[in-house]
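This is run.cif. It holds mmCIF, C-alpha atoms.
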```cif
data_work
loop_
_atom_site.label_atom_id
_atom_site.label_comp_id
_atom_site.auth_asym_id
_atom_site.auth_seq_id
_atom_site.Cartn_x
_atom_site.Cartn_y
_atom_site.Cartn_z
CA MET A 1 0.00 0.00 0.00
CA PRO A 2 1.61 3.33 -1.05
CA SER A 3 1.95 6.04 1.54
CA LEU A 4 -0.06 9.28 1.47
CA LYS A 5 3.02 11.16 0.33
CA ASP A 6 3.54 8.75 -2.58
CA LEU A 7 -0.11 9.16 -3.61
CA ARG A 8 0.12 12.96 -3.45
CA ASN A 9 3.25 12.90 -5.59
CA ARG A 10 1.60 10.58 -8.10
CA ILE A 11 -1.50 12.77 -8.35
CA ALA A 12 0.65 15.87 -8.87
CA SER A 13 2.65 14.06 -11.57
CA VAL A 14 -0.48 12.93 -13.45
CA LYS A 15 -1.96 16.43 -13.25
CA ALA A 16 1.22 17.87 -14.77
CA THR A 17 1.06 15.29 -17.57
CA GLN A 18 -2.59 16.13 -18.14
CA LYS A 19 -1.73 19.81 -18.59
CA ILE A 20 0.88 18.86 -21.21
CA THR A 21 -1.46 16.57 -23.16
CA LYS A 22 -4.24 19.20 -23.06
CA ALA A 23 -1.84 21.84 -24.39
CA MET A 24 -0.66 19.52 -27.17
CA GLN A 25 -4.27 18.79 -28.09
CA MET A 26 -5.03 22.50 -28.39
CA VAL A 27 -1.91 23.14 -30.48
CA ALA A 28 -2.78 20.24 -32.82
CA ALA A 29 -6.34 21.54 -33.17
CA ALA A 30 -5.00 24.98 -34.10
CA LYS A 31 -2.64 23.54 -36.72
CA LEU A 32 -5.14 21.05 -38.11
CA ARG A 33 -7.39 23.55 -39.89
CA ARG A 34 -4.57 25.05 -41.92
CA ALA A 35 -3.05 21.65 -42.72
CA GLN A 36 -6.44 20.24 -43.73
CA LEU A 37 -7.11 23.20 -46.02
CA ALA A 38 -3.70 22.79 -47.69
CA ALA A 39 -4.25 19.04 -48.23
CA GLU A 40 -7.73 19.53 -49.68
CA SER A 41 -6.50 22.32 -51.95
CA ALA A 42 -3.73 20.11 -53.38
CA ARG A 43 -6.04 17.25 -54.33
CA PRO A 44 -7.74 18.84 -57.39
CA PHE A 45 -4.39 19.87 -58.90
CA ALA A 46 -2.86 16.41 -58.45
CA GLU A 47 -5.99 14.70 -59.79
CA ARG A 48 -6.18 17.05 -62.77
CA MET A 49 -2.54 16.40 -63.60
CA THR A 50 -3.27 12.67 -63.55
CA GLY A 51 -6.13 13.31 -65.96
CA VAL A 52 -3.91 15.19 -68.38
CA LEU A 53 -1.33 12.41 -68.18
CA ALA A 54 -4.03 9.83 -68.88
CA ASN A 55 -5.07 11.70 -72.02
CA LEU A 56 -1.52 12.16 -73.30
CA ALA A 57 -0.54 8.59 -72.41
CA GLY A 58 -3.17 7.26 -74.77
CA ALA A 59 -1.11 8.44 -77.72
CA PHE A 60 1.83 6.26 -76.59
CA ASP A 61 0.03 2.98 -75.98
CA GLY A 62 2.13 0.22 -77.48
CA ARG A 63 4.73 2.59 -78.93
CA PRO A 64 8.40 1.70 -78.41
CA ASP A 65 9.37 5.37 -78.05
CA ALA A 66 7.13 5.94 -75.01
CA PRO A 67 8.88 7.88 -72.19
CA ALA A 68 10.52 5.66 -69.56
CA LEU A 69 8.63 7.44 -66.75
CA LEU A 70 5.41 6.40 -68.46
CA ALA A 71 6.19 2.97 -69.89
CA GLY A 72 8.75 1.84 -67.33
CA THR A 73 12.00 -0.01 -67.89
CA GLY A 74 10.32 -3.20 -69.04
CA ARG A 75 11.49 -4.95 -65.86
CA ASP A 76 10.04 -5.36 -62.39
CA ASP A 77 13.04 -6.68 -60.45
CA VAL A 78 13.94 -3.79 -58.13
CA ARG A 79 11.30 -1.91 -56.16
CA LEU A 80 11.83 1.42 -54.39
CA LEU A 81 9.49 2.13 -51.47
CA VAL A 82 9.26 5.85 -50.62
CA VAL A 83 7.88 5.91 -47.06
CA CYS A 84 6.65 9.33 -45.88
CA THR A 85 6.06 9.72 -42.14
CA ALA A 86 6.34 12.42 -39.48
CA GLU A 87 9.41 13.75 -37.71
CA ARG A 88 7.78 13.53 -34.27
CA GLY A 89 5.76 11.00 -32.35
CA LEU A 90 2.88 11.30 -29.87
CA CYS A 91 0.37 11.11 -32.72
CA GLY A 92 -1.31 7.78 -32.13
CA ALA A 93 -0.99 5.13 -34.81
CA PHE A 94 -0.19 7.60 -37.60
CA ASN A 95 3.47 6.65 -38.11
CA SER A 96 3.11 2.97 -37.27
CA SER A 97 0.21 2.42 -39.70
CA ILE A 98 2.21 3.79 -42.65
CA ALA A 99 5.29 1.81 -41.64
CA ARG A 100 3.18 -1.33 -41.24
CA LEU A 101 1.78 -0.98 -44.76
CA ALA A 102 5.30 -0.46 -46.13
CA ARG A 103 6.64 -3.42 -44.13
CA ASP A 104 3.88 -5.74 -45.35
CA THR A 105 4.49 -4.63 -48.93
CA ALA A 106 8.24 -5.18 -48.58
CA ASN A 107 7.74 -8.66 -47.14
CA ARG A 108 5.38 -9.56 -49.98
CA LEU A 109 7.80 -8.32 -52.64
CA ILE A 110 10.74 -10.14 -51.04
CA GLY A 111 8.61 -13.28 -50.98
CA GLU A 112 8.09 -12.84 -54.73
CA GLY A 113 11.86 -12.74 -55.23
CA LYS A 114 12.20 -9.01 -55.89
CA THR A 115 14.88 -6.67 -54.59
CA VAL A 116 13.52 -3.99 -52.25
CA LYS A 117 15.04 -0.59 -51.51
CA ILE A 118 13.55 1.88 -49.03
CA LEU A 119 13.79 5.68 -49.06
CA CYS A 120 12.41 7.18 -45.85
CA VAL A 121 11.06 10.74 -45.79
CA GLY A 122 10.65 11.44 -42.09
CA ARG A 123 12.54 10.15 -39.06
CA LYS A 124 9.80 8.13 -37.35
CA GLY A 125 9.23 5.80 -40.29
CA ALA A 126 12.95 5.12 -40.52
CA ASP A 127 13.06 4.30 -36.79
CA VAL A 128 10.33 1.68 -37.23
CA LEU A 129 11.59 0.13 -40.47
CA ARG A 130 15.22 0.07 -39.34
CA ARG A 131 14.39 -2.74 -36.92
CA THR A 132 13.56 -5.11 -39.77
CA PHE A 133 15.00 -3.62 -42.97
CA ALA A 134 18.10 -1.73 -41.85
CA ASP A 135 20.12 -3.11 -44.78
CA LYS A 136 17.48 -2.03 -47.31
CA ILE A 137 17.17 1.64 -46.31
CA VAL A 138 19.17 3.60 -48.89
CA GLU A 139 18.61 7.07 -47.39
CA VAL A 140 16.65 8.96 -44.74
CA ILE A 141 15.48 12.49 -45.60
CA GLU A 142 14.51 14.55 -42.55
CA PHE A 143 12.60 17.84 -42.39
CA LYS A 144 12.69 18.31 -38.62
CA ALA A 145 14.13 21.83 -38.99
CA VAL A 146 11.41 22.84 -41.47
CA LYS A 147 8.39 24.60 -39.95
CA GLN A 148 6.28 24.72 -43.12
CA LEU A 149 6.77 22.20 -45.92
CA GLY A 150 6.67 23.67 -49.41
CA TYR A 151 6.85 22.42 -52.97
CA ASP A 152 10.61 22.97 -53.01
CA HIS A 153 11.07 20.28 -50.36
CA ALA A 154 8.97 17.80 -52.33
CA ASP A 155 10.78 18.74 -55.53
CA GLY A 156 14.12 17.96 -53.88
CA VAL A 157 12.90 14.49 -52.95
CA GLY A 158 11.45 14.04 -56.44
CA LYS A 159 14.72 14.97 -58.15
CA LYS A 160 16.61 12.53 -55.94
CA ILE A 161 14.22 9.72 -56.92
CA LEU A 162 14.43 10.64 -60.60
CA ALA A 163 18.24 10.62 -60.43
CA MET A 164 18.13 7.11 -58.94
CA TYR A 165 15.74 6.00 -61.69
CA GLU A 166 17.92 7.41 -64.47
CA ALA A 167 20.92 5.63 -62.91
CA GLY A 168 19.02 2.34 -63.16
CA GLU A 169 18.86 1.79 -59.40
CA PHE A 170 15.22 0.64 -59.45
CA ASP A 171 12.40 -0.26 -61.83
CA VAL A 172 9.24 0.71 -59.94
CA ALA A 173 8.72 3.32 -57.19
CA THR A 174 5.78 3.28 -54.77
CA LEU A 175 4.87 6.15 -52.46
CA PHE A 176 3.49 5.46 -48.97
CA TYR A 177 1.59 8.09 -46.99
CA SER A 178 -1.60 8.58 -44.97
CA ARG A 179 -4.57 10.19 -46.73
CA PHE A 180 -6.55 12.51 -44.50
CA LYS A 181 -10.26 11.72 -44.27
CA SER A 182 -11.28 13.10 -40.89
CA VAL A 183 -9.88 13.83 -37.45
CA ILE A 184 -10.53 10.26 -36.36
CA GLN A 185 -9.77 8.50 -39.64
CA GLN A 186 -6.59 8.57 -41.73
CA ILE A 187 -6.10 6.01 -44.49
CA PRO A 188 -2.61 4.51 -45.11
CA THR A 189 -2.13 4.64 -48.89
CA ALA A 190 0.32 3.12 -51.38
CA GLN A 191 0.58 4.90 -54.74
CA GLN A 192 2.84 3.96 -57.64
CA ILE A 193 4.58 7.04 -59.01
CA ILE A 194 7.22 5.53 -61.35
CA PRO A 195 6.20 4.50 -63.92
CA ALA A 196 3.15 6.74 -63.70
CA GLU A 197 0.15 4.62 -62.75
CA ILE A 198 -3.07 5.75 -64.41
CA SER A 199 -6.26 4.34 -62.96
CA ALA A 200 -9.14 3.02 -65.04
CA GLU A 201 -11.31 5.91 -63.81
CA ALA A 202 -8.77 8.46 -65.05
CA LYS A 203 -8.52 6.75 -68.42
CA GLN A 204 -12.28 6.68 -68.75
CA ALA A 205 -12.55 10.35 -67.82
CA ALA A 206 -9.77 11.26 -70.26
CA ALA A 207 -11.49 9.35 -73.06
CA GLY A 208 -14.21 11.98 -73.21
CA ALA A 209 -11.77 14.91 -73.45
CA THR A 210 -9.81 16.06 -76.47
CA TYR A 211 -6.57 18.03 -76.17
CA GLU A 212 -4.75 19.92 -78.87
CA CYS A 213 -1.11 19.86 -77.83
CA GLU A 214 1.31 22.68 -78.51
CA PRO A 215 4.21 21.90 -78.49
CA SER A 216 4.21 18.17 -79.24
CA GLU A 217 3.04 15.49 -76.82
CA GLU A 218 6.62 14.29 -76.42
CA GLU A 219 7.82 17.70 -75.25
CA ILE A 220 4.91 18.15 -72.88
CA LEU A 221 5.43 14.73 -71.29
CA ALA A 222 9.17 15.36 -70.97
CA ASP A 223 8.34 18.23 -68.60
CA LEU A 224 5.09 16.93 -67.13
CA LEU A 225 6.20 13.45 -66.04
CA PRO A 226 9.06 14.61 -63.74
CA ARG A 227 6.82 17.38 -62.43
CA ASN A 228 4.13 14.81 -61.68
CA VAL A 229 6.53 12.86 -59.42
CA SER A 230 7.24 15.97 -57.33
CA THR A 231 3.55 16.93 -57.32
CA GLN A 232 2.45 13.54 -56.00
CA ILE A 233 5.15 13.68 -53.31
CA PHE A 234 4.05 17.20 -52.33
CA ARG A 235 0.46 16.02 -52.10
CA ALA A 236 1.56 13.10 -49.91
CA LEU A 237 3.45 15.46 -47.58
CA LEU A 238 0.41 17.73 -47.25
CA GLU A 239 -1.90 14.78 -46.62
CA ASN A 240 0.56 13.53 -44.00
CA ALA A 241 0.68 16.93 -42.30
CA ALA A 242 -3.11 17.00 -41.92
CA SER A 243 -3.27 13.35 -40.88
CA GLU A 244 -0.52 13.84 -38.30
CA GLN A 245 -2.29 16.76 -36.61
CA GLY A 246 -5.65 14.96 -36.68
CA SER A 247 -4.14 11.82 -35.19
CA ARG A 248 -2.22 13.81 -32.57
CA MET A 249 -5.36 15.72 -31.62
CA SER A 250 -7.28 12.47 -31.07
CA ALA A 251 -4.38 10.81 -29.22
CA MET A 252 -3.88 13.76 -26.86
CA ASP A 253 -7.62 14.00 -26.22
CA ASN A 254 -7.64 10.33 -25.22
CA ALA A 255 -4.54 10.84 -23.08
CA THR A 256 -6.14 13.82 -21.32
CA ARG A 257 -9.29 11.80 -20.59
CA ASN A 258 -7.26 8.85 -19.30
CA ALA A 259 -5.25 11.18 -17.04
CA GLY A 260 -8.48 12.60 -15.62
CA GLU A 261 -9.79 9.10 -14.85
CA MET A 262 -6.46 8.17 -13.23
CA ILE A 263 -6.56 11.31 -11.08
CA LYS A 264 -10.06 10.39 -9.89
CA LYS A 265 -8.98 6.86 -8.96
CA LEU A 266 -5.84 8.07 -7.20
CA THR A 267 -7.78 10.74 -5.34
CA THR A 268 -10.31 8.13 -4.18
CA THR A 269 -7.49 5.86 -3.01
CA TYR A 270 -5.80 8.80 -1.26
CA ASN A 271 -8.99 9.80 0.56
CA ARG A 272 -9.69 6.24 1.68
CA SER A 273 -6.13 5.76 2.92
CA ARG A 274 -6.26 9.08 4.75
CA GLN A 275 -9.60 8.19 6.32
CA ALA A 276 -8.25 4.80 7.40
CA MET A 277 -5.25 6.44 9.05
CA ILE A 278 -7.45 8.95 10.88
CA THR A 279 -9.74 6.16 12.07
CA LYS A 280 -6.76 4.15 13.25
CA GLU A 281 -5.34 7.12 15.17
CA LEU A 282 -8.71 7.77 16.83
CA ILE A 283 -8.96 4.13 17.87
CA GLU A 284 -5.47 4.30 19.37
CA ILE A 285 -6.33 7.50 21.29
CA ILE A 286 -9.60 6.05 22.64
CA SER A 287 -7.90 2.78 23.56
CA GLY A 288 -5.15 4.68 25.40
CA ALA A 289 -7.68 6.80 27.28
CA GLU A 290 -9.66 3.73 28.37
CA ALA A 291 -6.47 2.03 29.52
CA VAL A 292 -5.72 4.94 31.81
#
```
Written form, structure tokens:
Amino acid sequence: MPSLKDLRNRIASVKATQKITKAMQMVAAAKLRRAQLAAESARPFAERMTGVLANLAGAFDGRPDAPALLAGTGRDDVRLLVVCTAERGLCGAFNSSIARLARDTANRLIGEGKTVKILCVGRKGADVLRRTFADKIVEVIEFKAVKQLGYDHADGVGKKILAMYEAGEFDVATLFYSRFKSVIQQIPTAQQIIPAEISAEAKQAAAGATYECEPSEEEILADLLPRNVSTQIFRALLENAASEQGSRMSAMDNATRNAGEMIKKLTTTYNRSRQAMITKELIEIISGAEAV
């Protein structure tokens, strides 16, 4: 049975923790609105770019001179997994869910006999994956000193990936991130970015549109395909930023509630122990008086 002093210290410690979690919840709530607006604003641009690519790609179906970023290398031996996570923790299952999806994908590809390479964007994902795939992580890109992520940061990551692709270091690149849906729901997502993956819905939507290209389709794709890689990475970073704040807000709210329940239980235990000690002292005083 802990002493009254131990209980008082524990209650004070939990109250201090509760203040911290409440403050973190309020900060996450303040940041969430701006991050959510940025993520939602980036979606139409990224989707429209995919639509334009779908329309232009139709002209290269089956052609041997199709761009490598569109048609691929013709092989599927080496896979690059670009895993985007946060730089900080205390955000629930946000980081672990992305890392779990990447880990399951890596295990499946290795089981199929493919070579897997991992490029981590964000420290927390690297910390998780390093336990199992330390020898497969080719680089870790951190943005812990960056307060506001911009397109330039995504473009730097995109150029690094493109340089690796041109050097023949991989055949297919897949991007892992968490798509923001609501404060309580973020969806871990895997998206192929090299070669550009065009969904059936995008192809169907592009079939009803006609584009007159100036300059030629080849010149447009030569600029658009590399830009699309950076755009999809930028979208993933924005989605991650909103998902991280939403997940942190929910996690800190739960932590604050749990701290409140723990304080109630500890206070009840403290009061009962204190009452038992008072009763014991009274019994000792009465017994001593009767003995006299």
Quiz item: For Ser230 (chain A), which of A:Met277, A:Met49, A:Ala259, A:Ala57 is the closest residue, counting only C-alpha atoms?
Solution: A:Met49
Practice problem: Could you expand the PyMOL selection byres ((chain A and resi 266-272) around 10) into the explicit residues it covers here, written as a PyMOL selection string? | Solution: chain A and resi 1-8+10-11+14+260-265+273-278
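If you measure from each of A:Gln18, A:Thr256, A:Ser287, A:Gln245 to Gly92 (chain A) using all atoms listed in the file, the closest one turns out to be A:Gln245.
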Within 10 Å of (-5.3, 12.6, -23.8) (coordinates as in the file), grab all the protein and nucleic acid residues, counting all atoms listed in the file, and write them out as an mmCIF file with C-alpha atoms, in the frame of the given file.
```cif
data_model
loop_
_atom_site.group_PDB
_atom_site.id
_atom_site.type_symbol
_atom_site.label_atom_id
_atom_site.label_comp_id
_atom_site.auth_asym_id
_atom_site.auth_seq_id
_atom_site.Cartn_x
_atom_site.Cartn_y
_atom_site.Cartn_z
ATOM 1 C CA THR A 17 1.060 15.290 -17.570
ATOM 2 C CA GLN A 18 -2.590 16.130 -18.140
ATOM 3 C CA LYS A 19 -1.730 19.810 -18.590
ATOM 4 C CA ILE A 20 0.880 18.860 -21.210
ATOM 5 C CA THR A 21 -1.460 16.570 -23.160
ATOM 6 C CA LYS A 22 -4.240 19.200 -23.060
ATOM 7 C CA ALA A 23 -1.840 21.840 -24.390
ATOM 8 C CA MET A 24 -0.660 19.520 -27.170
ATOM 9 C CA GLN A 25 -4.270 18.790 -28.090
ATOM 10 C CA ARG A 248 -2.220 13.810 -32.570
ATOM 11 C CA MET A 249 -5.360 15.720 -31.620
ATOM 12 C CA SER A 250 -7.280 12.470 -31.070
ATOM 13 C CA ALA A 251 -4.380 10.810 -29.220
ATOM 14 C CA MET A 252 -3.880 13.760 -26.860
ATOM 15 C CA ASP A 253 -7.620 14.000 -26.220
ATOM 16 C CA ASN A 254 -7.640 10.330 -25.220
ATOM 17 C CA ALA A 255 -4.540 10.840 -23.080
ATOM 18 C CA THR A 256 -6.140 13.820 -21.320
ATOM 19 C CA ARG A 257 -9.290 11.800 -20.590
ATOM 20 C CA ASN A 258 -7.260 8.850 -19.300
ATOM 21 C CA ALA A 259 -5.250 11.180 -17.040
ATOM 22 C CA GLY A 260 -8.480 12.600 -15.620
#
```
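In this structure, CA of Ile194 (chain A) sits 5.9 Å away from CA of Leu69 (chain A).
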Quiz item: Mind pulling up the distance from CA of Leu56 (chain A) to CA of Arg227 (chain A)?
Solution: 14.7 Å
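CA of Glu40 (chain A) to CA of Leu149 (chain A) spans 15.2 Å [interatomic distance, one decimal].
Taking all atoms listed in the file into account, Ala66 (chain A) lies nearest to A:Ala222 out of the set A:Ala222, A:Val78, A:Ala289, A:Ala242.
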Who sits within 9 Å of Val229 (chain A), all atoms listed in the file, same chain under 3 positions skipped, as a compact mmCIF listing (two decimals) with C-alpha atoms, in the frame of the given file:
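Full text of around_12.txt as output:
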```txt
# COMPACT_ATOMS: atom_id res chain seq x y z
CA ALA A 154 8.97 17.80 -52.33
CA ASP A 155 10.78 18.74 -55.53
CA GLY A 158 11.45 14.04 -56.44
CA LYS A 159 14.72 14.97 -58.15
CA ILE A 161 14.22 9.72 -56.92
CA LEU A 162 14.43 10.64 -60.60
CA ILE A 193 4.58 7.04 -59.01
CA ILE A 194 7.22 5.53 -61.35
CA ALA A 196 3.15 6.74 -63.70
CA LEU A 224 5.09 16.93 -67.13
CA LEU A 225 6.20 13.45 -66.04
CA PRO A 226 9.06 14.61 -63.74
CA GLN A 232 2.45 13.54 -56.00
CA ILE A 233 5.15 13.68 -53.31
CA PHE A 234 4.05 17.20 -52.33
```
Quiz item: What residues come out when you apply the PyMOL selection byres ((chain A and resi 117) around 12) to this file, written as a ChimeraX atom specification?
Solution: /A:77-83,102-103,105-107,109-110,114-116,118-120,129,133-140,161,164,169-174
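With only C-alpha atoms as the atoms that count, the minimum distance from Asp152 (chain A) to the choices A:Thr231, A:Ile286, A:Val27, A:Ser41 is reached by A:Thr231.
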Self-check item: Resolved residues for the PyMOL selection byres ((chain A and resi 237) around 10) as a list of chain:residue names
Solution: A:Ala39, A:Cys84, A:Thr85, A:Ala86, A:Val121, A:Gly122, A:Leu149, A:Gly150, A:Tyr151, A:His153, A:Ala154, A:Tyr177, A:Ser178, A:Arg179, A:Thr231, A:Gln232, A:Ile233, A:Phe234, A:Arg235, A:Ala236, A:Leu238, A:Glu239, A:Asn240, A:Ala241, A:Ala242, A:Ser243
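With distances taken over all atoms listed in the file, A:Glu244 is the one residue among A:Glu244, A:Asn55, A:Ala46, A:Leu221 lying closest to Ser96 (chain A).
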Quiz prompt | Residue among A:Ile198, A:Met26, A:Ile220, A:Ala99 lying closest to Thr50 (chain A), counting all atoms listed in the file | solution = A:Ile198
